[in-house]
$ cat work14.pdb   # PDB, C-alpha atoms, pLDDT in the B column
ATOM      1  CA  MET V 293     -14.008  -8.969   8.484  1.00 70.00           C
ATOM      2  CA  ARG V 294     -10.862  -7.787  10.236  1.00 73.00           C
ATOM      3  CA  TYR V 295      -9.460 -11.343  10.360  1.00 80.00           C
ATOM      4  CA  VAL V 296     -10.201 -11.832   6.662  1.00 82.00           C
ATOM      5  CA  LYS V 297      -8.300  -8.647   5.835  1.00 79.00           C
ATOM      6  CA  TRP V 298      -5.216  -9.610   7.847  1.00 85.00           C
ATOM      7  CA  THR V 299      -5.285 -13.175   6.508  1.00 89.00           C
ATOM      8  CA  PHE V 300      -5.343 -11.841   2.953  1.00 89.00           C
ATOM      9  CA  LEU V 301      -2.489  -9.390   3.635  1.00 86.00           C
ATOM     10  CA  THR V 302      -0.432 -12.130   5.320  1.00 92.00           C
ATOM     11  CA  LEU V 303      -0.947 -14.425   2.333  1.00 94.00           C
ATOM     12  CA  ILE V 304       0.164 -11.693  -0.082  1.00 92.00           C
ATOM     13  CA  ALA V 305       3.236 -10.964   2.072  1.00 91.00           C
ATOM     14  CA  LEU V 306       4.212 -14.658   2.143  1.00 94.00           C
ATOM     15  CA  ILE V 307       3.893 -14.911  -1.646  1.00 94.00           C
ATOM     16  CA  VAL V 308       6.067 -11.818  -2.168  1.00 93.00           C
ATOM     17  CA  ILE V 309       8.688 -12.992   0.353  1.00 94.00           C
ATOM     18  CA  GLY V 310       8.785 -16.462  -1.202  1.00 94.00           C
ATOM     19  CA  PHE V 311       9.159 -15.003  -4.698  1.00 94.00           C
ATOM     20  CA  LEU V 312      12.023 -12.741  -3.617  1.00 95.00           C
ATOM     21  CA  HIS V 313      13.749 -15.528  -1.682  1.00 94.00           C
ATOM     22  CA  TYR V 314      13.617 -17.794  -4.740  1.00 95.00           C
ATOM     23  CA  THR V 315      14.696 -15.149  -7.252  1.00 95.00           C
ATOM     24  CA  LEU V 316      17.331 -13.036  -5.484  1.00 96.00           C
ATOM     25  CA  PRO V 317      20.952 -14.280  -5.478  1.00 97.00           C
ATOM     26  CA  GLN V 318      22.204 -16.293  -2.504  1.00 96.00           C
ATOM     27  CA  HIS V 319      25.776 -17.198  -1.610  1.00 97.00           C
ATOM     28  CA  ASP V 320      27.013 -20.545  -0.265  1.00 96.00           C
ATOM     29  CA  ILE V 321      30.554 -21.423   0.779  1.00 97.00           C
ATOM     30  CA  VAL V 322      31.164 -24.998  -0.339  1.00 97.00           C
ATOM     31  CA  ARG V 323      33.753 -27.556  -1.369  1.00 97.00           C
ATOM     32  CA  VAL V 324      33.232 -29.036  -4.858  1.00 97.00           C
ATOM     33  CA  VAL V 325      33.420 -32.824  -4.876  1.00 97.00           C
ATOM     34  CA  ASN V 326      32.010 -33.741  -8.293  1.00 96.00           C
ATOM     35  CA  THR V 327      30.467 -32.495 -11.525  1.00 96.00           C
ATOM     36  CA  TYR V 328      28.275 -34.587 -13.806  1.00 95.00           C
ATOM     37  CA  GLN V 329      25.528 -34.532 -16.421  1.00 93.00           C
ATOM     38  CA  GLU V 330      22.162 -36.252 -16.061  1.00 88.00           C
ATOM     39  CA  ARG V 331      18.982 -36.650 -18.096  1.00 84.00           C
ATOM     40  CA  GLN V 332      16.030 -34.925 -16.427  1.00 79.00           C
ATOM     41  CA  ASP V 333      12.305 -35.380 -17.136  1.00 73.00           C
ATOM     42  CA  LEU V 334      10.367 -32.135 -17.556  1.00 71.00           C
ATOM     43  CA  GLY V 335       6.894 -33.494 -18.148  1.00 66.00           C
ATOM     44  CA  ASP V 336       4.988 -32.267 -15.057  1.00 67.00           C
ATOM     45  CA  TRP V 337       4.398 -29.077 -13.055  1.00 69.00           C
ATOM     46  CA  THR V 338       7.968 -29.185 -11.651  1.00 73.00           C
ATOM     47  CA  ARG V 339       9.076 -27.733 -15.015  1.00 74.00           C
ATOM     48  CA  ILE V 340       8.737 -24.301 -13.357  1.00 77.00           C
ATOM     49  CA  PHE V 341      11.895 -25.051 -11.341  1.00 77.00           C
ATOM     50  CA  TRP V 342      13.989 -25.523 -14.491  1.00 77.00           C
ATOM     51  CA  SER V 343      15.346 -22.920 -16.852  1.00 78.00           C
ATOM     52  CA  THR V 344      13.814 -22.272 -20.272  1.00 71.00           C
ATOM     53  CA  PRO V 345      16.747 -20.765 -22.165  1.00 58.00           C
ATOM     54  CA  ASP V 346      15.247 -21.279 -25.623  1.00 53.00           C
ATOM     55  CA  ASP V 347      11.951 -21.899 -27.390  1.00 49.00           C
ATOM     56  CA  GLN V 348      12.753 -25.553 -28.011  1.00 49.00           C
ATOM     57  CA  SER V 349      12.963 -26.351 -24.298  1.00 54.00           C
ATOM     58  CA  GLY V 350       9.332 -25.361 -23.902  1.00 55.00           C
ATOM     59  CA  THR V 351       8.269 -28.453 -25.863  1.00 59.00           C
ATOM     60  CA  LEU V 352      10.886 -30.947 -24.646  1.00 60.00           C
ATOM     61  CA  THR V 353       9.835 -33.572 -22.098  1.00 66.00           C
ATOM     62  CA  ASN V 354      13.426 -34.220 -20.984  1.00 74.00           C
ATOM     63  CA  ARG V 355      16.938 -32.870 -21.526  1.00 78.00           C
ATOM     64  CA  ASP V 356      20.511 -33.216 -20.293  1.00 84.00           C
ATOM     65  CA  VAL V 357      21.356 -30.994 -17.319  1.00 90.00           C
ATOM     66  CA  GLN V 358      24.776 -30.395 -15.778  1.00 94.00           C
ATOM     67  CA  PHE V 359      25.145 -30.604 -11.994  1.00 96.00           C
ATOM     68  CA  ILE V 360      27.731 -29.550  -9.425  1.00 97.00           C
ATOM     69  CA  SER V 361      27.975 -31.660  -6.258  1.00 97.00           C
ATOM     70  CA  THR V 362      29.351 -29.867  -3.203  1.00 97.00           C
ATOM     71  CA  VAL V 363      29.748 -30.195   0.541  1.00 97.00           C
ATOM     72  CA  MET V 364      29.184 -27.312   2.963  1.00 96.00           C
ATOM     73  CA  PRO V 365      31.510 -26.564   5.900  1.00 95.00           C
ATOM     74  CA  ASN V 366      29.103 -28.340   8.277  1.00 94.00           C
ATOM     75  CA  GLY V 367      29.296 -31.500   6.139  1.00 93.00           C
ATOM     76  CA  LYS V 368      25.839 -31.082   4.587  1.00 95.00           C
ATOM     77  CA  PRO V 369      25.706 -31.991   0.870  1.00 96.00           C
ATOM     78  CA  MET V 370      24.355 -29.480  -1.633  1.00 97.00           C
ATOM     79  CA  VAL V 371      23.758 -30.110  -5.344  1.00 97.00           C
ATOM     80  CA  TYR V 372      23.381 -27.285  -7.864  1.00 97.00           C
ATOM     81  CA  ARG V 373      22.177 -27.444 -11.420  1.00 95.00           C
ATOM     82  CA  ASN V 374      24.130 -25.511 -14.020  1.00 95.00           C
ATOM     83  CA  GLU V 375      21.793 -24.096 -16.684  1.00 93.00           C
ATOM     84  CA  ASP V 376      21.797 -20.980 -18.820  1.00 92.00           C
ATOM     85  CA  THR V 377      19.002 -18.535 -18.062  1.00 89.00           C
ATOM     86  CA  GLY V 378      19.375 -16.671 -21.344  1.00 85.00           C
ATOM     87  CA  TRP V 379      17.008 -13.734 -21.668  1.00 87.00           C
ATOM     88  CA  ASN V 380      14.275 -15.412 -19.642  1.00 86.00           C
ATOM     89  CA  TRP V 381      13.241 -15.006 -16.007  1.00 86.00           C
ATOM     90  CA  PRO V 382      14.952 -14.594 -13.620  1.00 89.00           C
ATOM     91  CA  PRO V 383      17.078 -11.966 -15.388  1.00 91.00           C
ATOM     92  CA  TYR V 384      20.580 -13.260 -14.654  1.00 93.00           C
ATOM     93  CA  PHE V 385      21.475 -13.324 -18.379  1.00 92.00           C
ATOM     94  CA  LYS V 386      23.619 -16.405 -17.876  1.00 93.00           C
ATOM     95  CA  PHE V 387      25.122 -17.831 -21.067  1.00 92.00           C
ATOM     96  CA  ASP V 388      28.349 -19.421 -19.745  1.00 91.00           C
ATOM     97  CA  THR V 389      27.240 -22.832 -18.513  1.00 93.00           C
ATOM     98  CA  ALA V 390      30.256 -24.577 -20.060  1.00 93.00           C
ATOM     99  CA  SER V 391      32.718 -22.101 -18.524  1.00 95.00           C
ATOM    100  CA  LEU V 392      31.098 -22.434 -15.097  1.00 97.00           C
ATOM    101  CA  GLN V 393      31.291 -26.232 -15.307  1.00 96.00           C
ATOM    102  CA  THR V 394      35.002 -25.972 -16.148  1.00 96.00           C
ATOM    103  CA  GLN V 395      35.610 -23.662 -13.179  1.00 97.00           C
ATOM    104  CA  ALA V 396      33.799 -26.109 -10.914  1.00 97.00           C
ATOM    105  CA  ASP V 397      35.919 -28.987 -12.267  1.00 96.00           C
ATOM    106  CA  ASP V 398      39.048 -26.987 -11.479  1.00 96.00           C
ATOM    107  CA  LEU V 399      37.894 -26.450  -7.868  1.00 96.00           C
ATOM    108  CA  LYS V 400      37.331 -30.117  -7.031  1.00 97.00           C
ATOM    109  CA  SER V 401      39.024 -31.157  -3.813  1.00 95.00           C
ATOM    110  CA  THR V 402      39.010 -33.709  -1.015  1.00 94.00           C
ATOM    111  CA  ALA V 403      38.306 -33.392   2.691  1.00 92.00           C
ATOM    112  CA  GLU V 404      42.036 -33.862   3.401  1.00 93.00           C
ATOM    113  CA  ALA V 405      43.084 -31.017   1.061  1.00 94.00           C
ATOM    114  CA  PRO V 406      39.977 -28.810   0.723  1.00 95.00           C
ATOM    115  CA  LYS V 407      39.499 -25.960  -1.732  1.00 96.00           C
ATOM    116  CA  TRP V 408      36.704 -23.645  -0.684  1.00 97.00           C
ATOM    117  CA  ALA V 409      34.553 -21.703  -3.103  1.00 97.00           C
ATOM    118  CA  VAL V 410      31.551 -19.409  -2.965  1.00 97.00           C
ATOM    119  CA  VAL V 411      28.648 -20.359  -5.227  1.00 98.00           C
ATOM    120  CA  THR V 412      26.195 -17.619  -6.154  1.00 97.00           C
ATOM    121  CA  HIS V 413      22.846 -19.138  -7.025  1.00 97.00           C
ATOM    122  CA  TYR V 414      19.098 -18.649  -7.038  1.00 96.00           C
ATOM    123  CA  GLY V 415      16.309 -21.117  -6.325  1.00 95.00           C
ATOM    124  CA  TRP V 416      15.644 -23.801  -3.715  1.00 94.00           C
ATOM    125  CA  ARG V 417      16.842 -27.332  -3.073  1.00 93.00           C
ATOM    126  CA  ASN V 418      13.969 -29.748  -2.548  1.00 90.00           C
ATOM    127  CA  PRO V 419      14.754 -33.462  -2.997  1.00 88.00           C
ATOM    128  CA  TYR V 420      11.074 -34.462  -2.935  1.00 87.00           C
ATOM    129  CA  ILE V 421      10.276 -32.643  -6.181  1.00 84.00           C
ATOM    130  CA  SER V 422      13.818 -32.774  -7.634  1.00 83.00           C
ATOM    131  CA  ALA V 423      14.292 -29.010  -7.424  1.00 90.00           C
ATOM    132  CA  PHE V 424      17.875 -27.724  -7.505  1.00 94.00           C
ATOM    133  CA  PRO V 425      19.195 -24.176  -7.130  1.00 96.00           C
ATOM    134  CA  ASN V 426      20.813 -22.884 -10.310  1.00 96.00           C
ATOM    135  CA  ALA V 427      24.478 -21.888  -9.900  1.00 97.00           C
ATOM    136  CA  VAL V 428      25.212 -18.521 -11.502  1.00 96.00           C
ATOM    137  CA  THR V 429      28.879 -18.002 -10.602  1.00 96.00           C
ATOM    138  CA  ILE V 430      31.580 -19.809  -8.658  1.00 97.00           C
ATOM    139  CA  ARG V 431      34.895 -18.462  -7.388  1.00 96.00           C
ATOM    140  CA  PRO V 432      37.548 -19.617  -4.908  1.00 97.00           C
ATOM    141  CA  VAL V 433      37.772 -18.134  -1.405  1.00 96.00           C
ATOM    142  CA  ALA V 434      40.409 -18.325   1.296  1.00 93.00           C
ATOM    143  CA  GLY V 435      38.438 -20.523   3.653  1.00 92.00           C
ATOM    144  CA  PRO V 436      35.042 -21.570   4.983  1.00 94.00           C
ATOM    145  CA  ASP V 437      34.863 -18.658   7.435  1.00 93.00           C
ATOM    146  CA  VAL V 438      34.995 -15.753   4.970  1.00 94.00           C
ATOM    147  CA  THR V 439      32.188 -13.195   5.205  1.00 92.00           C
ATOM    148  CA  ILE V 440      30.099 -12.642   2.086  1.00 93.00           C
ATOM    149  CA  ILE V 441      28.100  -9.399   2.098  1.00 94.00           C
ATOM    150  CA  PRO V 442      25.046  -9.567  -0.219  1.00 94.00           C
ATOM    151  CA  TRP V 443      25.453  -6.043  -1.611  1.00 95.00           C
ATOM    152  CA  PHE V 444      23.022  -6.559  -4.472  1.00 95.00           C
ATOM    153  CA  ASN V 445      20.257  -7.819  -2.178  1.00 95.00           C
ATOM    154  CA  ILE V 446      20.809  -4.918   0.238  1.00 95.00           C
ATOM    155  CA  PHE V 447      20.648  -2.388  -2.611  1.00 96.00           C
ATOM    156  CA  PHE V 448      17.655  -4.040  -4.311  1.00 95.00           C
ATOM    157  CA  LEU V 449      15.601  -4.432  -1.134  1.00 95.00           C
ATOM    158  CA  GLY V 450      16.444  -0.845  -0.145  1.00 95.00           C
ATOM    159  CA  ILE V 451      15.186   0.423  -3.502  1.00 95.00           C
ATOM    160  CA  LEU V 452      12.100  -1.793  -3.182  1.00 93.00           C
ATOM    161  CA  LEU V 453      11.400  -0.411   0.292  1.00 93.00           C
ATOM    162  CA  LEU V 454      11.752   3.187  -0.911  1.00 95.00           C
ATOM    163  CA  ALA V 455       9.470   2.456  -3.861  1.00 94.00           C
ATOM    164  CA  GLY V 456       6.892   0.925  -1.516  1.00 90.00           C
ATOM    165  CA  LEU V 457       7.005   3.955   0.790  1.00 92.00           C
ATOM    166  CA  MET V 458       6.620   6.323  -2.185  1.00 93.00           C
ATOM    167  CA  ILE V 459       3.656   4.352  -3.539  1.00 92.00           C
ATOM    168  CA  ARG V 460       2.050   4.350  -0.088  1.00 86.00           C
ATOM    169  CA  ARG V 461       2.548   8.113   0.237  1.00 89.00           C
ATOM    170  CA  MET V 462       1.104   8.714  -3.236  1.00 89.00           C
ATOM    171  CA  TRP V 463      -1.894   6.530  -2.362  1.00 84.00           C
ATOM    172  CA  LEU V 464      -2.524   8.415   0.893  1.00 84.00           C
ATOM    173  CA  GLN V 465      -2.341  11.748  -0.930  1.00 85.00           C
ATOM    174  CA  PHE V 466      -4.663  10.480  -3.663  1.00 82.00           C
ATOM    175  CA  ARG V 467      -7.088   9.176  -1.057  1.00 78.00           C
ATOM    176  CA  GLU V 468      -6.971  12.436   0.906  1.00 79.00           C
ATOM    177  CA  ARG V 469      -7.563  14.572  -2.184  1.00 81.00           C
ATOM    178  CA  SER V 470      -9.916  12.423  -4.239  1.00 77.00           C
ATOM    179  CA  ILE V 471     -11.567   9.631  -2.269  1.00 74.00           C
ATOM    180  CA  ASP V 472     -12.122  11.128   1.194  1.00 71.00           C
ATOM    181  CA  PRO V 473     -13.990  14.228  -0.122  1.00 77.00           C
ATOM    182  CA  VAL V 474     -16.317  11.957  -2.129  1.00 72.00           C
ATOM    183  CA  ILE V 475     -16.958   9.807   0.934  1.00 72.00           C
ATOM    184  CA  GLU V 476     -17.633  12.920   3.029  1.00 72.00           C
ATOM    185  CA  ASP V 477     -20.057  14.256   0.384  1.00 67.00           C
ATOM    186  CA  MET V 478     -21.830  10.904   0.299  1.00 71.00           C
ATOM    187  CA  GLY V 479     -22.041  10.940   4.094  1.00 64.00           C
ATOM    188  CA  GLU V 480     -23.471  14.446   4.108  1.00 63.00           C
ATOM    189  CA  ALA V 481     -25.942  13.493   1.392  1.00 65.00           C
ATOM    190  CA  TRP V 482     -26.987  10.427   3.392  1.00 66.00           C
ATOM    191  CA  ASP V 483     -27.386  12.552   6.515  1.00 64.00           C
ATOM    192  CA  GLY V 484     -29.581  14.895   4.487  1.00 62.00           C
ATOM    193  CA  VAL V 485     -31.683  11.967   3.285  1.00 64.00           C
ATOM    194  CA  GLU V 486     -32.091  10.719   6.845  1.00 65.00           C
ATOM    195  CA  ALA V 487     -33.001  14.187   8.077  1.00 66.00           C
ATOM    196  CA  HIS V 488     -35.554  14.537   5.281  1.00 66.00           C
ATOM    197  CA  ALA V 489     -36.939  11.099   6.089  1.00 66.00           C
ATOM    198  CA  ASP V 490     -37.221  12.001   9.781  1.00 65.00           C
ATOM    199  CA  ALA V 491     -38.996  15.254   8.902  1.00 64.00           C
ATOM    200  CA  ALA V 492     -41.350  13.430   6.562  1.00 63.00           C
ATOM    201  CA  GLY V 493     -42.044  10.849   9.250  1.00 64.00           C
ATOM    202  CA  ALA V 494     -42.754  13.541  11.805  1.00 63.00           C
ATOM    203  CA  GLN V 495     -45.057  15.321   9.353  1.00 64.00           C
ATOM    204  CA  ALA V 496     -46.838  12.058   8.611  1.00 62.00           C
ATOM    205  CA  ARG V 497     -47.292  11.360  12.287  1.00 65.00           C
ATOM    206  CA  GLY V 498     -48.708  14.902  12.714  1.00 62.00           C
ATOM    207  CA  VAL V 499     -51.192  14.437   9.863  1.00 58.00           C
ATOM    208  CA  TRP V 500     -52.214  11.049  11.214  1.00 62.00           C
ATOM    209  CA  GLY V 501     -52.666  12.542  14.663  1.00 62.00           C
ATOM    210  CA  ARG V 502     -54.903  15.293  13.351  1.00 62.00           C
ATOM    211  CA  PHE V 503     -56.848  12.755  11.317  1.00 60.00           C
ATOM    212  CA  THR V 504     -57.453  10.497  14.313  1.00 69.00           C
ATOM    213  CA  ALA V 505     -58.441  13.553  16.408  1.00 63.00           C
ATOM    214  CA  TRP V 506     -60.999  14.493  13.762  1.00 61.00           C
ATOM    215  CA  LEU V 507     -62.370  10.964  13.807  1.00 62.00           C
ATOM    216  CA  ASP V 508     -62.756  11.208  17.531  1.00 64.00           C
ATOM    217  CA  THR V 509     -65.080  14.207  17.100  1.00 67.00           C
ATOM    218  CA  TRP V 510     -67.566  11.908  15.310  1.00 64.00           C
ATOM    219  CA  LYS V 511     -67.800   9.527  18.177  1.00 61.00           C
ATOM    220  CA  GLY V 512     -70.966   9.722  20.201  1.00 57.00           C
ATOM    221  CA  LYS V 513     -70.768  11.547  23.479  1.00 55.00           C
ATOM    222  CA  PRO V 514     -71.728   9.524  26.578  1.00 55.00           C
ATOM    223  CA  ARG V 515     -75.312  10.072  27.692  1.00 54.00           C
ATOM    224  CA  VAL V 516     -76.007  11.499  31.137  1.00 49.00           C
TER     225      VAL V 516
END

$ encode --input "work14.pdb" --output "structure tokens"
Amino acid sequence: MRYVKWTFLTLIALIVIGFLHYTLPQHDIVRVVNTYQERQDLGDWTRIFWSTPDDQSGTLTNRDVQFISTVMPNGKPMVYRNEDTGWNWPPYFKFDTASLQTQADDLKSTAEAPKWAVVTHYGWRNPYISAFPNAVTIRPVAGPDVTIIPWFNIFFLGILLLAGLMIRRMWLQFRERSIDPVIEDMGEAWDGVEAHADAAGAQARGVWGRFTAWLDTWKGKPRV
């Protein structure tokens, strides 16, 4: 039972961590090499990795999506999609896809004369299921070695941690005041039932003993 409990808690923790990692903003320092538009099919379960900025997109099986091709300082390629999030989840309220694509076009550069930029995005890159992180903002930076501090993530996770500690404290107080007394009363009641059952058993054994002793008086005495 203990292993089942910890397995369940570990599974819940992994789901929460995965959800936060996908949803919270991440920052990549990259060099933009290309921007383009491509038709994407949305007919299977991978639709969850694409934005739904309007009601119409919920019924479309494909649509045109803008992409930003980049290269990281270590030479690894990274491709971002550029879609509005609108008022849907996650709540980035992005409505400036065209402006972001123009900024990315302006930051194009070559390896010989690089222009470095920081892309703020959410989501994961998985080539096997055609999942691309969605670029939210892009801005130039001095070089590939600049330090980006994720202030929003620090603040959000701090608030989430405080909220979790408060909920845990409230639960412990509720349990101490409401649940534990009930459990103690049930335990005392059960102890009383057991004590009564033991007393009844002892009384029954006493009655049975007297009954068997009385039967013994009817047995014939041995003849001399």

$ closest_residue --input "work14.pdb" --among "V:Ala409, V:Glu468, V:Ser343, V:Tyr372" --to "Phe387 of chain V" --atoms "only C-alpha atoms"
V:Ser343

$ atom_distance --input "work14.pdb" --atom1 "atom CA of Asp397 of chain V" --atom2 "atom CA of Arg331 of chain V"
19.5 Å

$ atom_distance --input "work14.pdb" --atom1 "atom CA of Ile321 of chain V" --atom2 "atom CA of Pro365 of chain V"
7.3 Å

$ closest_residue --input "work14.pdb" --among "V:Ile309, V:Val438, V:Val322, V:Leu449" --to "Thr412 of chain V" --atoms "all atoms listed in the file"
V:Val322

$ resolve_selection --input "work14.pdb" --expression "the PyMOL selection byres ((chain V and resi 373) around 8)" --output "list in words"
Val357, Gln358, Phe359, Ile360, Val371, Tyr372, Asn374, Glu375, Phe424, Pro425, Asn426 and Ala427 of chain V

$ residues_around --input "work14.pdb" --residues "Asp356 of chain V" --least-positions-apart "4" --cutoff "9 Å" --atoms "all atoms listed in the file" --output "JSON, numbers by chain"
{"V": [329, 330, 331, 332]}

$ axis_aligned_box --input "work14.pdb" --around "segment 360-373 of chain V" --padding-each-side "3 Å" --output "AutoDock Vina command-line options"
--center_x 26.8 --center_y -29.3 --center_z -1.6 --size_x 15.3 --size_y 11.4 --size_z 25.7

$ closest_residue --input "work14.pdb" --among "V:Pro317, V:Gly367, V:Gly310, V:Gly378" --to "Ile440 of chain V" --atoms "all atoms listed in the file"
V:Pro317
